[in-house]
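Trainee: Submitted below is the structure of interest, expressed as structure tokens.
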Amino acid sequence: MVATQASADNRSAFQQQFENRKPHLPGDAEVRERAMQQLLTTGLPDRKTERWRYTRINSLLKQPLEPAQKPVTTTATERQPLLDELNSGSGAPVLVFQQGYFCAELSRLEGLGEIQFKPLAAALESGAVMLPEAADGRDRAFDQLNTALVADGGWLQLPAGKHPLITIVVLSGSAAETSYWRLLVTAASHCEAELAIVYADSEADQETDVKAYQLNSSIDLDLAPNAQVSLSQLQQQGEQAFQVSSLRANLQRDSSFKSHVLTLGGAISRDDVDINLAEAGAHVEFDGLQLTNGRQHADLHLTLEHAAPNCTSQVSHHGLFGDHGRGVFNGRVHVHPGADGTDSQMSSKNLLLSDRAEIDAKPELEIYADDVKCAHGCTVGDLNRDELFYLRSRGLTEQDARALLLSAFAAASFATLGGHWGEHVANAVTKKMEQLSHE
Amino acid sequence: MLIVKDLKVEVEGKSILKGLTMEVGAGEVHAIMGPNGSGKSTLSHVLSGREGYEVVGGSITLDGEDLLALSPEERAWKGLFLGFQYPVAIPGLNSSVFMREAVNAQRRSRGENEYDAMDFLAIAREKMKLLKMDESFMTRAVNDGFSGGEKKRNEIYQMALLEPRLAILDEIDSGLDIDALRVVSDGINKLRSPDRSLIMVTHYQRLLDYVVPDYVHVLSGGEIVRSGGRELALELESSGYGWLEKEPAAV
């Protein structure tokens, strides 16, 4: 049992990290202890762990990277152009985090209005908020690590009313280490808010001597009755980045949650999205986009818990894979007993641009209520011949028609993102598409 | 201008067109009518170069040039346009971006300067007025969420922008209510000109009340079985297509 032996060793390495770091971590220590204990008991995912079957993480676990310390100085001044671009003239707030820690110098808190923001360390220290319990199970090891080791992040309280877009920039990777970042968000009744999160490298051209670094990011979101929240995440890190990211959203009565996970960068990106439609009338729209090439690997595991009657969900996943690029999409809809009137639609559309590219797409439906409408579909292939002919019949060459259709394919997944943020996303996708189509 | 000679076409080994001959002169409007399965749509598709149709005999020339040797885009550059019976929806592709690319591709092929966004916008606006289209069309994705009438109007709008010399409109009237049919027909009539030929493929004569053809051809069993003036369409309306089946019944 060599594999078990190896992961047991890793466990102790993480335990050592925890022991070293514990005295300096803010807030209640017990929840962290419990999370660490879960990890030590159940262990780390390996090839036999179903939810990690298609994503090999041996390299992430073999030699655990040290948790990042709070940067003494701002190393990210190089990223000013990115920040300026995200912020250009809108006057909207921008929250910047470096190696997981809030960076006041680069942030812009003006414009937050009635939104309450605190760096997570301060919020935990004051007792205003507690870290939620980590999920248990071997497949949730990274959650447990985040809960045990995270030192900072953000805490946002969104009151009723309409709020300006909040841009959040999470920078990491100036050294070979793991950055832990956590965002806790509560959205009050009748609040209308939009959060845009960018994951990027600390430096515009990441130094080559940093071979690999990790980001462990985690978001918890609670939507009160009638709250409307949009949260989009854009992965734009460099090719040395390994990201594990989790998003948990809890939706109360008649609340509405729109969410995007757009994965363009990183070596390995794993997203676990768990949405709980806890009360009647809740609504979810989720769009996932994976664009990978080179040896990139993107894995999206989405779970929708339809736990109450008359909730609706629409899930749309688009994957475009070139070169040796890989994608994994696992979309699970779980309709609980009594969740009558559920209306759930899920689609996964994938294009493979090279013989070596790969997608593993798996929709799962588990239904324990009678009066439900659930539809799911999954396609893998090349561009639609009818669409190609339509464009060519108007005078576009086959090559131009293909390029236009590929862009359209990707664009369908962020069509609802408007304004300045929508433009930023569109530009990032266009750049990535150029790489993909030049292979 | 367009000469189709003894055209024989197969689809998956099955003979669909069995020796079709017709000639369309500059500025003429031809209607091709016929029952379902007579080969009407096959003719439209073969003319525009869609794959999946095998030409096993005959020829098609446009101004003396062999049309069958050209790709779909090259045919478009020569001034050929197909109005689709079922225009495809392309979520994510902005209508204006698509049409600007198309117009510019055709201008490039003729060695003309490309339009920039402003030039194109001005021209697009003018053409949209012709079809009484709302400007919101420009920001929508191609045919995405369009009603049947909107899709067909969009086809004629594209035709207006591309200014073809020969337009083939494949059942442009199908799925239209009477108001939508009127708008689409008005649009087509405004685009008629002495140097633009039209082939209208239709099942019903109703369209021909609005867009009056110079010639009417009846297609049946892969051949043109009768040709005449517009009165032939009226005759078909009263007698239907039933008489067609009687004649080749002996075969």
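Following the order of the structure tokens, first chain is A, next is B, and so on, with residues numbered from 1 inside each chain and ligands from 1 in the order they appear.
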Could you list, with a cut-off of 10 Å and counting only C-alpha atoms, the residues of chain B near chain A, each shown with its nearest atom pair and the distance in Å rounded to one decimal, rows sorted by chain and ascending number, as JSON lines?

Mentor:
{"residue": "B:Ser48", "atom": "CA", "partner": "A:Ser393", "partner_atom": "CA", "distance": 6.9}
{"residue": "B:Gly49", "atom": "CA", "partner": "A:Ser393", "partner_atom": "CA", "distance": 8.0}
{"residue": "B:Arg50", "atom": "CA", "partner": "A:Phe389", "partner_atom": "CA", "distance": 6.8}
{"residue": "B:Glu51", "atom": "CA", "partner": "A:Phe389", "partner_atom": "CA", "distance": 8.4}
{"residue": "B:Ser71", "atom": "CA", "partner": "A:Arg392", "partner_atom": "CA", "distance": 8.5}
{"residue": "B:Pro72", "atom": "CA", "partner": "A:Ser393", "partner_atom": "CA", "distance": 5.2}
{"residue": "B:Glu73", "atom": "CA", "partner": "A:Gly395", "partner_atom": "CA", "distance": 4.2}
{"residue": "B:Glu74", "atom": "CA", "partner": "A:Gly395", "partner_atom": "CA", "distance": 6.9}
{"residue": "B:Arg75", "atom": "CA", "partner": "A:Ser393", "partner_atom": "CA", "distance": 7.7}
{"residue": "B:Ala76", "atom": "CA", "partner": "A:Gly395", "partner_atom": "CA", "distance": 5.0}
{"residue": "B:Trp77", "atom": "CA", "partner": "A:Gly395", "partner_atom": "CA", "distance": 6.1}
{"residue": "B:Lys78", "atom": "CA", "partner": "A:Gly395", "partner_atom": "CA", "distance": 9.4}
{"residue": "B:Gly79", "atom": "CA", "partner": "A:Gly395", "partner_atom": "CA", "distance": 9.4}
{"residue": "B:Leu80", "atom": "CA", "partner": "A:Ser393", "partner_atom": "CA", "distance": 8.5}
{"residue": "B:Phe81", "atom": "CA", "partner": "A:Ser393", "partner_atom": "CA", "distance": 7.1}
{"residue": "B:Leu82", "atom": "CA", "partner": "A:Ser393", "partner_atom": "CA", "distance": 7.0}
{"residue": "B:Gly83", "atom": "CA", "partner": "A:Ser393", "partner_atom": "CA", "distance": 9.5}
{"residue": "B:Phe84", "atom": "CA", "partner": "A:Tyr390", "partner_atom": "CA", "distance": 8.5}
{"residue": "B:Pro87", "atom": "CA", "partner": "A:Tyr390", "partner_atom": "CA", "distance": 7.7}
{"residue": "B:Val88", "atom": "CA", "partner": "A:Glu387", "partner_atom": "CA", "distance": 6.4}
{"residue": "B:Ala89", "atom": "CA", "partner": "A:Glu387", "partner_atom": "CA", "distance": 8.0}
{"residue": "B:Ile90", "atom": "CA", "partner": "A:Glu387", "partner_atom": "CA", "distance": 7.3}
{"residue": "B:Pro91", "atom": "CA", "partner": "A:Ala412", "partner_atom": "CA", "distance": 5.7}
{"residue": "B:Gly92", "atom": "CA", "partner": "A:Ala412", "partner_atom": "CA", "distance": 4.1}
{"residue": "B:Leu93", "atom": "CA", "partner": "A:Ala408", "partner_atom": "CA", "distance": 4.6}
{"residue": "B:Asn94", "atom": "CA", "partner": "A:Ala408", "partner_atom": "CA", "distance": 8.0}
{"residue": "B:Val97", "atom": "CA", "partner": "A:Leu404", "partner_atom": "CA", "distance": 9.3}
{"residue": "B:Phe98", "atom": "CA", "partner": "A:Leu404", "partner_atom": "CA", "distance": 8.0}
{"residue": "B:Met99", "atom": "CA", "partner": "A:Arg394", "partner_atom": "CA", "distance": 8.3}
{"residue": "B:Glu101", "atom": "CA", "partner": "A:Leu396", "partner_atom": "CA", "distance": 7.3}
{"residue": "B:Ala102", "atom": "CA", "partner": "A:Gly395", "partner_atom": "CA", "distance": 5.5}
{"residue": "B:Val103", "atom": "CA", "partner": "A:Gly395", "partner_atom": "CA", "distance": 7.6}
{"residue": "B:Asn104", "atom": "CA", "partner": "A:Gly395", "partner_atom": "CA", "distance": 8.8}
{"residue": "B:Ala105", "atom": "CA", "partner": "A:Leu396", "partner_atom": "CA", "distance": 5.9}
{"residue": "B:Gln106", "atom": "CA", "partner": "A:Gly395", "partner_atom": "CA", "distance": 5.9}
{"residue": "B:Arg107", "atom": "CA", "partner": "A:Gly395", "partner_atom": "CA", "distance": 9.6}
{"residue": "B:Ser109", "atom": "CA", "partner": "A:Gly395", "partner_atom": "CA", "distance": 9.0}
{"residue": "B:Ala141", "atom": "CA", "partner": "A:Ala408", "partner_atom": "CA", "distance": 9.0}
{"residue": "B:Val142", "atom": "CA", "partner": "A:Ala408", "partner_atom": "CA", "distance": 10.0}
{"residue": "B:Gln158", "atom": "CA", "partner": "A:Arg394", "partner_atom": "CA", "distance": 8.4}
{"residue": "B:Met159", "atom": "CA", "partner": "A:Arg394", "partner_atom": "CA", "distance": 9.1}
{"residue": "B:Leu162", "atom": "CA", "partner": "A:Arg394", "partner_atom": "CA", "distance": 8.0}

Trainee: From stretch 233-390 of chain A, collect each residue whose DSSP state is strand (DSSP E) and return the set as an MDAnalysis selection string.

Mentor: chainID A and resid 233:235 241:251 256:263 268:277 283:292 297:306 312:321 326:335 342:352 358:367 372:381

Trainee: Counting only C-alpha atoms, which residue out of B:Leu43, B:Ile123, B:Met128, B:Leu198 sits closest to B:Leu169?

Mentor: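 With only C-alpha atoms as the atom set, the closest residue is B:Leu198.
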
Trainee: Could you tell me how far atom CA of B:Gln205 sits from atom CA of B:Leu234, in Å to one decimal place?

Mentor: 7.0 Å

Trainee: Got a sec: who's within 10 Å of stretch 370-373 of chain A, counting only C-alpha atoms, leaving out chain neighbours fewer than 4 positions off, as a PyMOL selection string?

Mentor: chain A and resi 309-312+335+337-345

Trainee: Once you have the residues from the selection above, write them out as a CSV table (one decimal), in the first residue's frame, restricted to N, CA and C atoms.

Mentor:
chain,number,residue,atom,x,y,z
A,309,PRO,N,-39.4,23.1,-2.9
A,309,PRO,CA,-40.2,23.1,-4.1
A,309,PRO,C,-40.1,24.4,-5.0
A,310,ASN,N,-40.5,24.3,-6.2
A,310,ASN,CA,-40.6,25.4,-7.2
A,310,ASN,C,-39.3,26.2,-7.3
A,311,CYS,N,-38.2,25.5,-7.3
A,311,CYS,CA,-36.9,26.2,-7.6
A,311,CYS,C,-36.5,25.9,-9.1
A,312,THR,N,-35.8,26.8,-9.6
A,312,THR,CA,-35.4,26.6,-11.0
A,312,THR,C,-33.9,26.8,-11.2
A,335,VAL,N,-32.5,16.3,-6.8
A,335,VAL,CA,-33.8,16.8,-6.4
A,335,VAL,C,-34.3,16.0,-5.2
A,337,PRO,N,-36.6,14.8,-1.9
A,337,PRO,CA,-38.0,14.4,-1.8
A,337,PRO,C,-38.8,15.7,-1.4
A,338,GLY,N,-39.9,15.9,-2.0
A,338,GLY,CA,-40.8,17.1,-1.7
A,338,GLY,C,-40.4,18.3,-2.6
A,339,ALA,N,-39.4,18.2,-3.3
A,339,ALA,CA,-39.0,19.4,-4.1
A,339,ALA,C,-39.8,19.4,-5.4
A,340,ASP,N,-41.1,19.4,-5.3
A,340,ASP,CA,-42.0,19.4,-6.5
A,340,ASP,C,-41.9,20.7,-7.2
A,341,GLY,N,-42.2,20.7,-8.5
A,341,GLY,CA,-42.2,21.9,-9.2
A,341,GLY,C,-40.7,22.3,-9.6
A,342,THR,N,-39.8,21.5,-9.4
A,342,THR,CA,-38.4,21.7,-9.8
A,342,THR,C,-38.3,21.8,-11.3
A,343,ASP,N,-37.6,22.8,-11.8
A,343,ASP,CA,-37.3,22.9,-13.2
A,343,ASP,C,-35.8,23.1,-13.4
A,344,SER,N,-35.2,22.1,-13.9
A,344,SER,CA,-33.7,22.2,-14.0
A,344,SER,C,-33.2,21.8,-15.4
A,345,GLN,N,-32.4,22.6,-15.9
A,345,GLN,CA,-31.9,22.4,-17.2
A,345,GLN,C,-30.3,22.4,-17.2

Trainee: Using only C-alpha atoms, which protein or nucleic acid residues come within 7 Å of A:Leu304? Drop anything in the same chain fewer than 4 positions from it, and give the result as an mmCIF file with N, CA and C atoms, in the first residue's frame.

Mentor:
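Result went into result12.cif, see below:
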data_model
loop_
_atom_site.group_PDB
_atom_site.id
_atom_site.type_symbol
_atom_site.label_atom_id
_atom_site.label_comp_id
_atom_site.auth_asym_id
_atom_site.auth_seq_id
_atom_site.Cartn_x
_atom_site.Cartn_y
_atom_site.Cartn_z
ATOM 1 N N ASP A 274 -20.898 24.299 -5.208
ATOM 2 C CA ASP A 274 -22.019 23.628 -4.551
ATOM 3 C C ASP A 274 -23.096 24.657 -4.259
ATOM 4 N N ILE A 275 -24.234 24.481 -4.905
ATOM 5 C CA ILE A 275 -25.308 25.450 -4.735
ATOM 6 C C ILE A 275 -26.504 24.755 -4.104
ATOM 7 N N ASN A 276 -26.934 25.326 -3.008
ATOM 8 C CA ASN A 276 -28.045 24.746 -2.273
ATOM 9 C C ASN A 276 -29.286 25.609 -2.438
ATOM 10 N N ARG A 332 -23.984 17.752 -11.308
ATOM 11 C CA ARG A 332 -24.914 16.880 -10.600
ATOM 12 C C ARG A 332 -26.118 17.681 -10.130
ATOM 13 N N VAL A 333 -27.299 17.171 -10.461
ATOM 14 C CA VAL A 333 -28.530 17.781 -9.963
ATOM 15 C C VAL A 333 -29.196 16.775 -9.043
ATOM 16 N N HIS A 334 -29.436 17.189 -7.830
ATOM 17 C CA HIS A 334 -30.022 16.309 -6.824
ATOM 18 C C HIS A 334 -31.355 16.919 -6.392
#

Trainee: Would you mind writing down, as an MDAnalysis selection string, each residue of stretch 35-214 of chain A that DSSP on the backbone assigns to alpha helix (DSSP H)?

Mentor: chainID A and resid 35:42 58:62 80:87 120:126 141:149

Trainee: Mind pulling up the distance from atom CA of A:Ala121 to atom CA of A:Asp136?

Mentor: 23.8 Å

Trainee: Within 9 Å of A:Glu66, counting only C-alpha atoms, which residues show up once you throw out same-chain ones fewer than 3 positions away? Write them as a PDB file with N, CA and C atoms, in the first residue's frame, please.

Mentor:
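File written: around11.pdb
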ATOM      1  N   PHE A  14       1.205  18.467   6.300  1.00  0.00           N
ATOM      2  CA  PHE A  14       0.196  19.515   6.470  1.00  0.00           C
ATOM      3  C   PHE A  14      -0.060  19.790   7.955  1.00  0.00           C
ATOM      4  N   GLN A  17       2.579  22.003   9.185  1.00  0.00           N
ATOM      5  CA  GLN A  17       2.317  23.385   8.762  1.00  0.00           C
ATOM      6  C   GLN A  17       1.294  24.032   9.683  1.00  0.00           C
ATOM      7  N   GLN A  69       3.152  33.684   3.542  1.00  0.00           N
ATOM      8  CA  GLN A  69       3.095  34.637   4.655  1.00  0.00           C
ATOM      9  C   GLN A  69       2.583  35.972   4.123  1.00  0.00           C
ATOM     10  N   ALA A 176       7.265  30.021  -4.626  1.00  0.00           N
ATOM     11  CA  ALA A 176       6.731  28.656  -4.665  1.00  0.00           C
ATOM     12  C   ALA A 176       6.079  28.343  -3.332  1.00  0.00           C
ATOM     13  N   GLU A 177       4.834  28.717  -3.181  1.00  0.00           N
ATOM     14  CA  GLU A 177       4.123  28.528  -1.920  1.00  0.00           C
ATOM     15  C   GLU A 177       2.638  28.424  -2.206  1.00  0.00           C
ATOM     16  N   THR A 178       1.868  28.109  -1.188  1.00  0.00           N
ATOM     17  CA  THR A 178       0.426  28.036  -1.354  1.00  0.00           C
ATOM     18  C   THR A 178      -0.228  29.249  -0.716  1.00  0.00           C
ATOM     19  N   SER A 179      -1.023  29.960  -1.500  1.00  0.00           N
ATOM     20  CA  SER A 179      -1.784  31.072  -0.956  1.00  0.00           C
ATOM     21  C   SER A 179      -3.172  30.565  -0.590  1.00  0.00           C
TER      22      SER A 179
END

Trainee: Kindly indicate which residue among A:Asp28, A:Glu434, A:Glu85, A:Pro71 lies nearest to A:Ala128, using only C-alpha atoms for the distances.

Mentor: A:Asp28

Trainee: Can you tell me which residues surround A:His24 at a distance of at most 12 Å, considering only C-alpha atoms, apart from same-chain residues fewer than 2 positions away, and format the answer as an NGL selection string?

Mentor: :A and (17-22 or 26-29 or 69-70 or 121 or 125 or 148-152)

Trainee: Could you check which of B:Gly39, B:Gly52, B:Glu135, B:Met1 is closest to B:Gly13, using only C-alpha atoms?

Mentor: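 Residue with the minimum atom-to-atom distance to B:Gly13: B:Gly52.
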
Trainee: Could you name the residues that touch B:Lys129 at 12 Å or less, counting only C-alpha atoms, but leaving out those on the same chain fewer than 3 positions away, as a list of chain:residue names?

Mentor: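 The residues that qualify are B:Ala122, B:Ile123, B:Ala124, B:Arg125, B:Glu126, B:Lys132, B:Met133, B:Asp134, B:Glu135, B:Phe137, B:Arg153, B:Ile156, B:Tyr157, B:Ala160, B:Leu161, B:Val183, B:Asp186, B:Gly187, B:Lys190.
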